>>> print(open('work32.txt').read())   # compact mmCIF, C-alpha atoms and all ligand atoms
# COMPACT_ATOMS: atom_id res chain seq x y z
CA MET P 1 -199.82 -34.34 -59.32
CA ALA P 2 -196.66 -36.39 -58.74
CA LEU P 3 -195.19 -37.56 -62.03
CA LEU P 4 -192.46 -39.62 -60.35
CA SER P 5 -194.56 -41.39 -57.72
CA SER P 6 -192.73 -44.73 -58.07
CA PHE P 7 -189.35 -43.17 -57.23
CA ARG P 8 -188.03 -42.39 -53.74
CA SER P 9 -189.43 -39.16 -52.37
CA HIS P 10 -187.54 -35.99 -53.30
CA ALA P 11 -186.09 -37.61 -56.40
CA ARG P 12 -183.22 -36.00 -58.31
CA ALA P 13 -183.46 -35.86 -62.08
CA ALA P 14 -181.11 -34.90 -64.92
CA VAL P 15 -182.11 -33.96 -68.47
CA ILE P 16 -179.45 -34.00 -71.21
CA GLY P 17 -180.52 -31.97 -74.25
CA ALA P 18 -182.56 -29.43 -72.29
CA SER P 19 -182.42 -26.85 -75.11
CA GLY P 20 -184.43 -29.13 -77.41
CA GLY P 21 -188.20 -29.14 -77.86
CA ILE P 22 -188.88 -32.32 -75.90
CA GLY P 23 -185.97 -31.86 -73.48
CA ARG P 24 -187.21 -28.44 -72.39
CA ALA P 25 -190.72 -29.83 -71.85
CA PHE P 26 -189.29 -32.57 -69.61
CA VAL P 27 -187.52 -29.96 -67.49
CA GLU P 28 -190.66 -27.85 -67.09
CA LEU P 29 -192.77 -30.83 -66.00
CA LEU P 30 -190.14 -32.20 -63.62
CA ALA P 31 -189.52 -28.79 -62.04
CA ALA P 32 -193.25 -28.51 -61.30
CA ASP P 33 -193.43 -31.97 -59.67
CA ALA P 34 -193.60 -31.82 -55.86
CA ASN P 35 -191.81 -35.18 -55.63
CA VAL P 36 -188.77 -33.87 -57.52
CA ARG P 37 -186.09 -32.21 -55.42
CA SER P 38 -183.75 -31.02 -58.18
CA VAL P 39 -183.41 -31.04 -61.95
CA SER P 40 -179.90 -30.84 -63.39
CA VAL P 41 -180.16 -29.67 -66.97
CA PHE P 42 -177.53 -29.97 -69.68
CA SER P 43 -177.12 -28.44 -73.12
CA ARG P 44 -174.44 -26.94 -75.33
CA SER P 45 -175.81 -23.41 -74.94
CA CYS P 46 -176.46 -21.70 -71.60
CA LEU P 47 -180.08 -21.88 -70.34
CA ASN P 48 -181.90 -20.03 -67.55
CA TRP P 49 -184.96 -21.26 -65.68
CA ASP P 50 -187.31 -19.55 -63.24
CA SER P 51 -187.31 -22.49 -60.83
CA GLU P 52 -184.76 -22.72 -58.01
CA LYS P 53 -184.82 -26.49 -58.42
CA VAL P 54 -183.23 -26.23 -61.87
CA ASN P 55 -179.47 -25.94 -62.37
CA TRP P 56 -177.70 -25.78 -65.72
CA HIS P 57 -174.34 -27.18 -66.81
CA SER P 58 -172.81 -27.42 -70.29
CA ILE P 59 -172.46 -30.67 -72.21
CA ASP P 60 -171.53 -31.80 -75.69
CA VAL P 61 -172.38 -35.49 -76.02
CA THR P 62 -169.75 -35.88 -78.77
CA ASP P 63 -166.98 -34.78 -76.37
CA GLU P 64 -166.38 -37.43 -73.71
CA SER P 65 -164.48 -35.14 -71.34
CA SER P 66 -167.42 -32.71 -71.33
CA VAL P 67 -169.79 -35.61 -70.49
CA ALA P 68 -167.49 -36.79 -67.67
CA VAL P 69 -167.31 -33.31 -66.12
CA ALA P 70 -171.11 -32.92 -66.43
CA ALA P 71 -171.77 -36.26 -64.68
CA GLU P 72 -169.41 -35.40 -61.84
CA TRP P 73 -171.15 -32.03 -61.40
CA ALA P 74 -174.62 -33.66 -61.46
CA SER P 75 -173.79 -36.09 -58.64
CA ARG P 76 -171.71 -33.68 -56.53
CA ASP P 77 -174.21 -33.60 -53.62
CA SER P 78 -176.24 -36.76 -54.04
CA LEU P 79 -176.88 -39.60 -56.45
CA LEU P 80 -179.50 -39.20 -59.17
CA ASP P 81 -182.73 -41.18 -59.60
CA LEU P 82 -183.60 -40.39 -63.21
CA VAL P 83 -181.50 -39.45 -66.23
CA ILE P 84 -183.25 -38.55 -69.49
CA VAL P 85 -181.25 -38.22 -72.71
CA ALA P 86 -183.22 -36.01 -75.12
CA THR P 87 -180.42 -35.15 -77.56
CA GLY P 88 -180.51 -36.07 -81.23
CA ILE P 89 -180.22 -34.93 -84.82
CA LEU P 90 -182.19 -35.64 -88.00
CA HIS P 91 -181.11 -32.73 -90.19
CA ARG P 92 -178.88 -29.66 -90.09
CA GLU P 93 -179.21 -26.83 -92.57
CA ASP P 94 -178.00 -28.09 -95.93
CA GLN P 95 -175.29 -30.36 -94.56
CA ILE P 96 -177.35 -33.18 -93.08
CA LEU P 97 -180.65 -34.28 -94.62
CA PRO P 98 -182.53 -37.55 -94.15
CA GLU P 99 -181.75 -39.59 -97.27
CA ARG P 100 -184.53 -40.59 -99.65
CA SER P 101 -182.35 -43.09 -101.54
CA LEU P 102 -178.91 -44.67 -101.59
CA ARG P 103 -177.71 -42.00 -104.04
CA GLU P 104 -178.03 -39.38 -101.30
CA ILE P 105 -175.80 -41.16 -98.76
CA ASP P 106 -172.91 -38.94 -97.65
CA PRO P 107 -170.53 -40.88 -95.40
CA ARG P 108 -169.50 -37.79 -93.42
CA ALA P 109 -173.10 -36.85 -92.66
CA MET P 110 -173.88 -40.49 -91.80
CA ALA P 111 -170.92 -40.65 -89.40
CA GLU P 112 -172.05 -37.45 -87.68
CA VAL P 113 -175.61 -38.71 -87.21
CA LEU P 114 -174.27 -41.97 -85.74
CA THR P 115 -171.88 -40.05 -83.48
CA ILE P 116 -174.59 -37.79 -82.05
CA ASN P 117 -177.52 -40.24 -81.93
CA ALA P 118 -175.85 -43.54 -81.03
CA ILE P 119 -172.42 -42.90 -79.52
CA GLY P 120 -173.45 -39.72 -77.65
CA PRO P 121 -176.06 -41.45 -75.44
CA VAL P 122 -173.60 -44.29 -74.75
CA MET P 123 -171.08 -41.72 -73.52
CA VAL P 124 -173.81 -40.29 -71.29
CA ALA P 125 -174.55 -43.80 -69.98
CA LYS P 126 -170.86 -44.47 -69.35
CA HIS P 127 -170.53 -41.44 -67.08
CA PHE P 128 -174.05 -40.97 -65.68
CA LEU P 129 -174.96 -44.58 -64.81
CA PRO P 130 -172.44 -44.61 -61.92
CA ALA P 131 -174.17 -41.42 -60.69
CA LEU P 132 -177.54 -43.20 -60.35
CA SER P 133 -178.89 -44.44 -57.02
CA LYS P 134 -178.05 -48.09 -56.32
CA ASP P 135 -180.59 -48.78 -53.56
CA ASN P 136 -183.84 -47.54 -55.12
CA LYS P 137 -185.61 -47.46 -58.45
CA SER P 138 -183.37 -45.68 -60.96
CA VAL P 139 -184.06 -44.99 -64.62
CA LEU P 140 -181.92 -44.05 -67.60
CA ALA P 141 -184.31 -43.16 -70.45
CA VAL P 142 -183.03 -42.25 -73.91
CA LEU P 143 -185.14 -40.82 -76.68
CA SER P 144 -185.03 -43.19 -79.61
CA ALA P 145 -187.61 -43.45 -82.44
CA ARG P 146 -189.98 -46.02 -83.91
CA VAL P 147 -188.08 -45.74 -87.21
CA GLY P 148 -185.13 -47.38 -85.43
CA SER P 149 -187.12 -50.61 -85.24
CA ILE P 150 -185.80 -53.01 -87.89
CA SER P 151 -188.97 -55.13 -87.91
CA ASP P 152 -191.16 -52.02 -88.31
CA ASN P 153 -189.28 -50.70 -91.37
CA ARG P 154 -191.65 -50.97 -94.34
CA LEU P 155 -191.01 -47.59 -95.99
CA GLY P 156 -187.20 -47.40 -96.25
CA GLY P 157 -185.38 -44.07 -96.52
CA TRP P 158 -183.75 -42.04 -93.70
CA MET P 159 -180.95 -44.60 -93.60
CA SER P 160 -178.53 -42.72 -91.32
CA TYR P 161 -181.21 -41.78 -88.78
CA ARG P 162 -182.70 -45.29 -88.80
CA MET P 163 -179.25 -46.87 -88.39
CA SER P 164 -178.39 -44.52 -85.52
CA LYS P 165 -181.58 -45.31 -83.62
CA ALA P 166 -181.26 -49.08 -84.26
CA ALA P 167 -177.72 -48.90 -82.84
CA LEU P 168 -179.03 -46.86 -79.91
CA ASN P 169 -181.68 -49.51 -79.23
CA MET P 170 -179.00 -52.22 -79.16
CA SER P 171 -176.95 -50.15 -76.71
CA VAL P 172 -180.01 -49.82 -74.45
CA ARG P 173 -180.49 -53.61 -74.36
CA THR P 174 -176.79 -54.13 -73.57
CA LEU P 175 -176.72 -51.42 -70.90
CA ALA P 176 -179.85 -52.86 -69.26
CA ILE P 177 -178.16 -56.24 -68.80
CA GLU P 178 -175.00 -54.70 -67.32
CA GLN P 179 -176.90 -52.27 -65.09
CA ALA P 180 -179.21 -55.00 -63.65
CA ARG P 181 -176.13 -56.67 -62.14
CA LEU P 182 -175.29 -53.47 -60.24
CA ASN P 183 -178.82 -52.51 -59.18
CA PRO P 184 -181.69 -55.00 -59.62
CA ALA P 185 -184.13 -52.06 -59.30
CA SER P 186 -182.60 -50.23 -62.28
CA VAL P 187 -184.42 -49.62 -65.55
CA VAL P 188 -182.86 -48.62 -68.89
CA LEU P 189 -185.39 -47.58 -71.52
CA ALA P 190 -185.49 -46.47 -75.14
CA LEU P 191 -188.53 -44.25 -75.75
CA HIS P 192 -190.46 -43.25 -78.87
CA PRO P 193 -192.05 -39.82 -78.23
CA GLY P 194 -194.51 -39.91 -81.15
CA THR P 195 -194.41 -37.23 -83.83
CA VAL P 196 -193.71 -34.07 -81.86
CA ASP P 197 -193.83 -30.46 -83.01
CA THR P 198 -190.15 -29.47 -82.62
CA ALA P 199 -187.34 -28.07 -84.77
CA LEU P 200 -186.26 -31.66 -85.50
CA SER P 201 -189.59 -32.69 -87.04
CA LYS P 202 -190.62 -29.31 -88.50
CA PRO P 203 -189.62 -29.95 -92.17
CA PHE P 204 -191.53 -33.24 -92.21
CA THR P 205 -194.83 -32.58 -90.44
CA GLU P 206 -196.75 -30.67 -93.11
CA ARG P 207 -198.87 -33.70 -93.99
CA VAL P 208 -199.16 -35.08 -90.46
CA ASP P 209 -202.73 -34.89 -89.17
CA SER P 210 -202.89 -32.41 -86.26
CA SER P 211 -204.42 -35.11 -84.03
CA ARG P 212 -201.20 -37.14 -84.48
CA LEU P 213 -198.80 -34.24 -83.90
CA PHE P 214 -198.06 -33.84 -80.18
CA SER P 215 -196.89 -30.67 -78.52
CA PRO P 216 -193.61 -31.23 -76.63
CA ALA P 217 -195.48 -30.90 -73.31
CA VAL P 218 -198.01 -33.60 -74.22
CA SER P 219 -195.29 -35.98 -75.41
CA ALA P 220 -193.06 -35.38 -72.37
CA GLY P 221 -196.03 -35.87 -70.02
CA LYS P 222 -196.89 -39.20 -71.64
CA LEU P 223 -193.25 -40.33 -71.55
CA LEU P 224 -192.91 -39.44 -67.86
CA LYS P 225 -195.90 -41.70 -67.18
CA VAL P 226 -194.18 -44.53 -69.10
CA ILE P 227 -191.02 -43.91 -67.02
CA ASP P 228 -192.99 -43.83 -63.75
CA ASP P 229 -194.89 -47.03 -64.65
CA SER P 230 -191.70 -48.83 -65.72
CA SER P 231 -190.23 -51.72 -63.73
CA PRO P 232 -187.05 -53.79 -64.14
CA ASP P 233 -189.07 -56.21 -66.35
CA CYS P 234 -189.25 -53.41 -68.95
CA SER P 235 -185.51 -52.72 -68.90
CA GLY P 236 -183.76 -52.97 -72.26
CA GLY P 237 -186.94 -52.38 -74.30
CA LEU P 238 -188.24 -49.71 -76.69
CA TYR P 239 -191.55 -48.17 -75.56
CA ALA P 240 -193.89 -45.72 -77.25
CA TYR P 241 -195.49 -42.70 -75.55
CA ASP P 242 -198.62 -44.78 -74.79
CA GLY P 243 -196.65 -47.46 -72.95
CA SER P 244 -196.86 -50.04 -75.76
CA ARG P 245 -193.71 -52.02 -76.47
CA ILE P 246 -192.19 -51.67 -79.94
CA GLU P 247 -190.32 -54.74 -81.17
CA PHE P 248 -186.77 -54.10 -82.32
N1 LIG P 301 -189.69 -34.57 -82.71
C1 LIG P 301 -190.08 -35.78 -83.10
O1 LIG P 301 -191.11 -35.92 -83.80
C2 LIG P 301 -189.29 -37.01 -82.70
C3 LIG P 301 -189.78 -38.25 -83.12
C4 LIG P 301 -189.07 -39.40 -82.76
C5 LIG P 301 -187.93 -39.30 -81.99
N2 LIG P 301 -187.47 -38.05 -81.60
C6 LIG P 301 -186.23 -37.99 -80.82
O2 LIG P 301 -186.40 -37.19 -79.67
C7 LIG P 301 -185.16 -36.57 -79.32
C8 LIG P 301 -185.38 -35.08 -79.09
O3 LIG P 301 -185.82 -34.50 -80.30
P1 LIG P 301 -186.52 -33.07 -80.41
O4 LIG P 301 -187.67 -33.27 -81.32
O5 LIG P 301 -186.72 -32.48 -79.05
O6 LIG P 301 -185.38 -32.31 -81.22
P2 LIG P 301 -184.73 -30.86 -81.07
O7 LIG P 301 -185.74 -29.88 -80.60
O8 LIG P 301 -184.02 -30.61 -82.35
O9 LIG P 301 -183.66 -31.09 -79.89
C9 LIG P 301 -182.48 -31.80 -80.10
C10 LIG P 301 -181.57 -31.57 -78.93
O10 LIG P 301 -180.36 -32.31 -79.14
C11 LIG P 301 -179.29 -31.46 -78.75
N3 LIG P 301 -178.01 -31.86 -79.35
C12 LIG P 301 -177.72 -32.13 -80.63
N4 LIG P 301 -176.41 -32.43 -80.75
C13 LIG P 301 -175.88 -32.34 -79.50
C14 LIG P 301 -174.58 -32.53 -78.96
N5 LIG P 301 -173.53 -32.87 -79.72
N6 LIG P 301 -174.41 -32.38 -77.62
C15 LIG P 301 -175.43 -32.01 -76.82
N7 LIG P 301 -176.67 -31.81 -77.28
C16 LIG P 301 -176.89 -31.98 -78.60
C17 LIG P 301 -179.71 -30.09 -79.24
O11 LIG P 301 -178.90 -29.11 -78.64
P3 LIG P 301 -178.60 -27.68 -79.32
O12 LIG P 301 -179.77 -26.83 -78.92
O13 LIG P 301 -177.31 -27.27 -78.73
O14 LIG P 301 -178.51 -27.93 -80.82
C18 LIG P 301 -181.15 -30.09 -78.73
O15 LIG P 301 -181.19 -29.82 -77.35
C19 LIG P 301 -184.17 -36.92 -80.45
O16 LIG P 301 -183.37 -38.00 -80.07
C20 LIG P 301 -185.09 -37.34 -81.59
O17 LIG P 301 -184.46 -38.24 -82.47
C21 LIG P 301 -188.14 -36.92 -81.93
>>> encode(input="work32.txt", output="structure tokens")
Amino acid sequence: MALLSSFRSHARAAVIGASGGIGRAFVELLAADANVRSVSVFSRSCLNWDSEKVNWHSIDVTDESSVAVAAEWASRDSLLDLVIVATGILHREDQILPERSLREIDPRAMAEVLTINAIGPVMVAKHFLPALSKDNKSVLAVLSARVGSISDNRLGGWMSYRMSKAALNMSVRTLAIEQARLNPASVVLALHPGTVDTALSKPFTERVDSSRLFSPAVSAGKLLKVIDDSSPDCSGGLYAYDGSRIEF
């Protein structure tokens, strides 16, 4: 089954954050799609894949020169059709934890979450958007989160993560406007993957009903359908795994 049927045939895709739970699932699905010619995959650590379509290159989204080199490598033979940014952080050992109250705010941890979750994808956009096709449908999709919606925030908490995703959502709207001037067939999307069983969500899923906890493959499959169904009208919006629009 072709997952990217609305793209030109033999589409070229890139996945940033391919070592992550959802990122890896994207790569596996794209590599198995007959309509996909190549998948350039990026992560900090070296990865190997069985498929000849898949090629790895290093990236650290907090280091602009590494992002620039990665984008140049990705478009060395031909322009890309789809770029997915699946990087992100919610917690790290004891140093970064989602805050339950204002008392727990640590400015250094907050700055790091903002750097990885909000500035990192903008650096990717800065260097990878020029590597996207200008004559056909092209999509830059970044993984955001429903908790980045300001209007949806009724629970509070997780201030750094929420702020980083709200900032990311604003960058997506801004990028969509700029990109539409260069390619009217371009789409820039923020995506909410649902609650997905990965290292990022692991400490917080104990009480999540199993019917609401997606495997990475299920989430990535649903998100690829949202990407394939997307049109320029959708550009600049935040969409959930089921295609519904989430208000900012
Ligand atoms: N899982 C969920 O329930 C859920 C829900 C809503 C939104 N999301 C969003 O979905 C995205 C993917 O999450 P996930 O669940 O797949 O998490 P994950 O398994 O922890 O993967 C996170 C990925 O981000 C990469 N990363 C972190 N910092 C990086 C940096 N400086 N440069 C390059 N790569 C970096 C990690 O690379 P390393 O392997 O090198 O650390 C890893 O590949 C995130 O943006 C997350 O906020 C997830």
>>> closest_residue(input="work32.txt", among="P:Thr115, P:Ser40, P:Ser6, P:Ser133", to="P:Asp60", atoms="only C-alpha atoms")
P:Thr115
>>> axis_aligned_box(input="work32.txt", around="ligand LIG 301 (chain P)", padding_each_side="6 Å", output="AutoDock Vina command-line options")
--center_x -182.3 --center_y -33.1 --center_z -80.3 --size_x 29.6 --size_y 24.6 --size_z 19.0
>>> residues_near_ligand(input="work32.txt", ligand="ligand LIG 301 (chain P)", cutoff="7 Å", atoms="only C-alpha atoms and all ligand atoms", output="PyMOL selection string")
chain P and resi 17-23+43-45+59-62+86-90+116-117+143-146+192-201
>>> closest_residue(input="work32.txt", among="P:Ala109, P:Leu97, P:Val83, P:Met159", to="P:Ala13", atoms="all atoms listed in the file")
P:Val83
>>> residues_around(input="work32.txt", residues="P:Arg162", least_positions_apart="4", cutoff="8 Å", atoms="all atoms listed in the file", output="list of chain:residue names")
P:Val147, P:Gly148, P:Ser149, P:Trp158, P:Ala166
>>> closest_residue(input="work32.txt", among="P:Lys53, P:Ala118, P:Ala25, P:Pro130", to="P:Glu72", atoms="only C-alpha atoms")
P:Pro130
>>> residues_around(input="work32.txt", residues="P:Leu168", least_positions_apart="4", cutoff="9 Å", atoms="all atoms listed in the file", output="PyMOL selection string")
chain P and resi 114+117-119+121-122+142+144+148+163-164+172-173+190
>>> residues_around(input="work32.txt", residues="stretch 178-187 of chain P", least_positions_apart="6", cutoff="10 Å", atoms="all atoms listed in the file", output="ChimeraX atom specification")
/P:81-82,129-130,132-141,172,227,230-237
>>> residues_around(input="work32.txt", residues="P:Ser51", least_positions_apart="4", cutoff="12 Å", atoms="all atoms listed in the file", output="PDB file with C-alpha atoms, in the coordinates of the input")
ATOM      1  CA  VAL P  27    -187.520 -29.960 -67.490  1.00  0.00           C
ATOM      2  CA  GLU P  28    -190.660 -27.850 -67.090  1.00  0.00           C
ATOM      3  CA  LEU P  29    -192.770 -30.830 -66.000  1.00  0.00           C
ATOM      4  CA  LEU P  30    -190.140 -32.200 -63.620  1.00  0.00           C
ATOM      5  CA  ALA P  31    -189.520 -28.790 -62.040  1.00  0.00           C
ATOM      6  CA  ALA P  32    -193.250 -28.510 -61.300  1.00  0.00           C
ATOM      7  CA  ASP P  33    -193.430 -31.970 -59.670  1.00  0.00           C
ATOM      8  CA  VAL P  36    -188.770 -33.870 -57.520  1.00  0.00           C
ATOM      9  CA  ARG P  37    -186.090 -32.210 -55.420  1.00  0.00           C
ATOM     10  CA  SER P  38    -183.750 -31.020 -58.180  1.00  0.00           C
ATOM     11  CA  VAL P  39    -183.410 -31.040 -61.950  1.00  0.00           C
ATOM     12  CA  SER P  40    -179.900 -30.840 -63.390  1.00  0.00           C
ATOM     13  CA  VAL P  41    -180.160 -29.670 -66.970  1.00  0.00           C
ATOM     14  CA  LEU P  47    -180.080 -21.880 -70.340  1.00  0.00           C
ATOM     15  CA  ASN P  55    -179.470 -25.940 -62.370  1.00  0.00           C
ATOM     16  CA  TRP P  56    -177.700 -25.780 -65.720  1.00  0.00           C
TER      17      TRP P  56
END
>>> atom_distance(input="work32.txt", atom1="atom CA of P:Glu206", atom2="atom CA of P:Arg100")
17.0 Å
>>> atom_distance(input="work32.txt", atom1="atom CA of P:Val226", atom2="atom CA of P:Ala240")
8.2 Å
>>> atom_distance(input="work32.txt", atom1="atom CA of P:Ser210", atom2="atom CA of P:Lys222")
17.2 Å
>>> decode(input="work32.txt", residues="stretch 95-197 of chain P", atoms="C-alpha atoms", output="CSV table (one decimal), in the first residue's frame")
chain,number,residue,atom,x,y,z
P,95,GLN,CA,18.4,16.5,35.3
P,96,ILE,CA,15.2,17.3,33.4
P,97,LEU,CA,11.8,16.4,34.7
P,98,PRO,CA,8.4,17.8,33.7
P,99,GLU,CA,7.5,20.3,36.4
P,100,ARG,CA,4.4,19.8,38.6
P,101,SER,CA,4.5,23.3,40.0
P,102,LEU,CA,6.3,26.6,39.8
P,103,ARG,CA,8.6,25.6,42.6
P,104,GLU,CA,10.2,22.9,40.4
P,105,ILE,CA,11.2,25.3,37.6
P,106,ASP,CA,14.9,25.2,36.9
P,107,PRO,CA,15.9,27.8,34.3
P,108,ARG,CA,18.8,25.7,32.9
P,109,ALA,CA,16.5,22.7,32.3
P,110,MET,CA,13.8,25.0,30.8
P,111,ALA,CA,16.3,26.5,28.4
P,112,GLU,CA,17.5,23.1,27.3
P,113,VAL,CA,14.0,21.9,26.6
P,114,LEU,CA,13.2,25.0,24.6
P,115,THR,CA,16.5,24.7,22.7
P,116,ILE,CA,15.8,21.0,21.7
P,117,ASN,CA,12.1,21.2,21.2
P,118,ALA,CA,11.5,24.7,19.7
P,119,ILE,CA,14.8,26.0,18.3
P,120,GLY,CA,16.1,22.6,17.0
P,121,PRO,CA,13.2,22.1,14.6
P,122,VAL,CA,13.5,25.7,13.4
P,123,MET,CA,17.2,25.0,12.6
P,124,VAL,CA,16.1,22.0,10.7
P,125,ALA,CA,13.6,24.1,8.8
P,126,LYS,CA,16.2,26.8,8.0
P,127,HIS,CA,18.5,24.2,6.3
P,128,PHE,CA,16.1,21.6,5.0
P,129,LEU,CA,13.3,23.7,3.6
P,130,PRO,CA,15.6,24.9,0.7
P,131,ALA,CA,16.2,21.1,0.0
P,132,LEU,CA,12.5,20.5,-0.6
P,133,SER,CA,11.0,20.2,-4.1
P,134,LYS,CA,9.6,23.5,-5.4
P,135,ASP,CA,7.5,22.1,-8.2
P,136,ASN,CA,5.4,19.4,-6.5
P,137,LYS,CA,3.7,18.7,-3.2
P,138,SER,CA,6.3,19.0,-0.4
P,139,VAL,CA,5.8,18.6,3.3
P,140,LEU,CA,7.8,19.5,6.4
P,141,ALA,CA,6.1,17.8,9.4
P,142,VAL,CA,7.3,18.4,12.9
P,143,LEU,CA,6.2,16.4,15.9
P,144,SER,CA,4.5,18.7,18.4
P,145,ALA,CA,2.0,17.8,21.1
P,146,ARG,CA,-1.5,18.6,22.2
P,147,VAL,CA,-0.2,19.9,25.4
P,148,GLY,CA,1.4,22.8,23.4
P,149,SER,CA,-2.1,24.1,22.7
P,150,ILE,CA,-2.7,27.1,24.9
P,151,SER,CA,-6.5,26.9,24.5
P,152,ASP,CA,-6.5,23.2,25.4
P,153,ASN,CA,-4.5,23.7,28.7
P,154,ARG,CA,-6.9,22.9,31.6
P,155,LEU,CA,-4.5,20.9,33.8
P,156,GLY,CA,-1.4,23.1,34.1
P,157,GLY,CA,2.0,21.6,34.9
P,158,TRP,CA,4.8,20.5,32.5
P,159,MET,CA,5.5,24.2,31.9
P,160,SER,CA,8.8,23.9,30.0
P,161,TYR,CA,7.5,21.2,27.7
P,162,ARG,CA,4.2,23.0,27.1
P,163,MET,CA,6.1,26.3,26.4
P,164,SER,CA,8.5,24.6,24.0
P,165,LYS,CA,5.6,23.0,22.0
P,166,ALA,CA,3.6,26.3,21.9
P,167,ALA,CA,6.7,28.0,20.6
P,168,LEU,CA,7.1,25.2,18.0
P,169,ASN,CA,3.5,25.6,16.9
P,170,MET,CA,4.1,29.4,16.4
P,171,SER,CA,7.2,28.6,14.3
P,172,VAL,CA,5.2,26.2,12.1
P,173,ARG,CA,2.6,28.9,11.4
P,174,THR,CA,5.3,31.4,10.5
P,175,LEU,CA,7.2,28.9,8.4
P,176,ALA,CA,4.0,28.0,6.5
P,177,ILE,CA,3.4,31.6,5.5
P,178,GLU,CA,7.0,32.1,4.3
P,179,GLN,CA,7.2,28.7,2.5
P,180,ALA,CA,3.9,29.2,0.6
P,181,ARG,CA,5.5,32.2,-1.2
P,182,LEU,CA,8.2,29.9,-2.5
P,183,ASN,CA,6.1,26.9,-3.4
P,184,PRO,CA,2.3,27.2,-3.3
P,185,ALA,CA,2.1,23.4,-3.2
P,186,SER,CA,4.1,23.3,0.1
P,187,VAL,CA,2.7,22.1,3.4
P,188,VAL,CA,4.2,22.8,6.9
P,189,LEU,CA,2.5,20.8,9.7
P,190,ALA,CA,2.7,20.4,13.4
P,191,LEU,CA,1.5,16.9,14.4
P,192,HIS,CA,0.2,15.4,17.7
P,193,PRO,CA,1.1,11.6,17.6
P,194,GLY,CA,-1.3,10.6,20.5
P,195,THR,CA,0.1,9.0,23.6
P,196,VAL,CA,2.8,6.6,22.2
P,197,ASP,CA,4.7,3.9,24.0
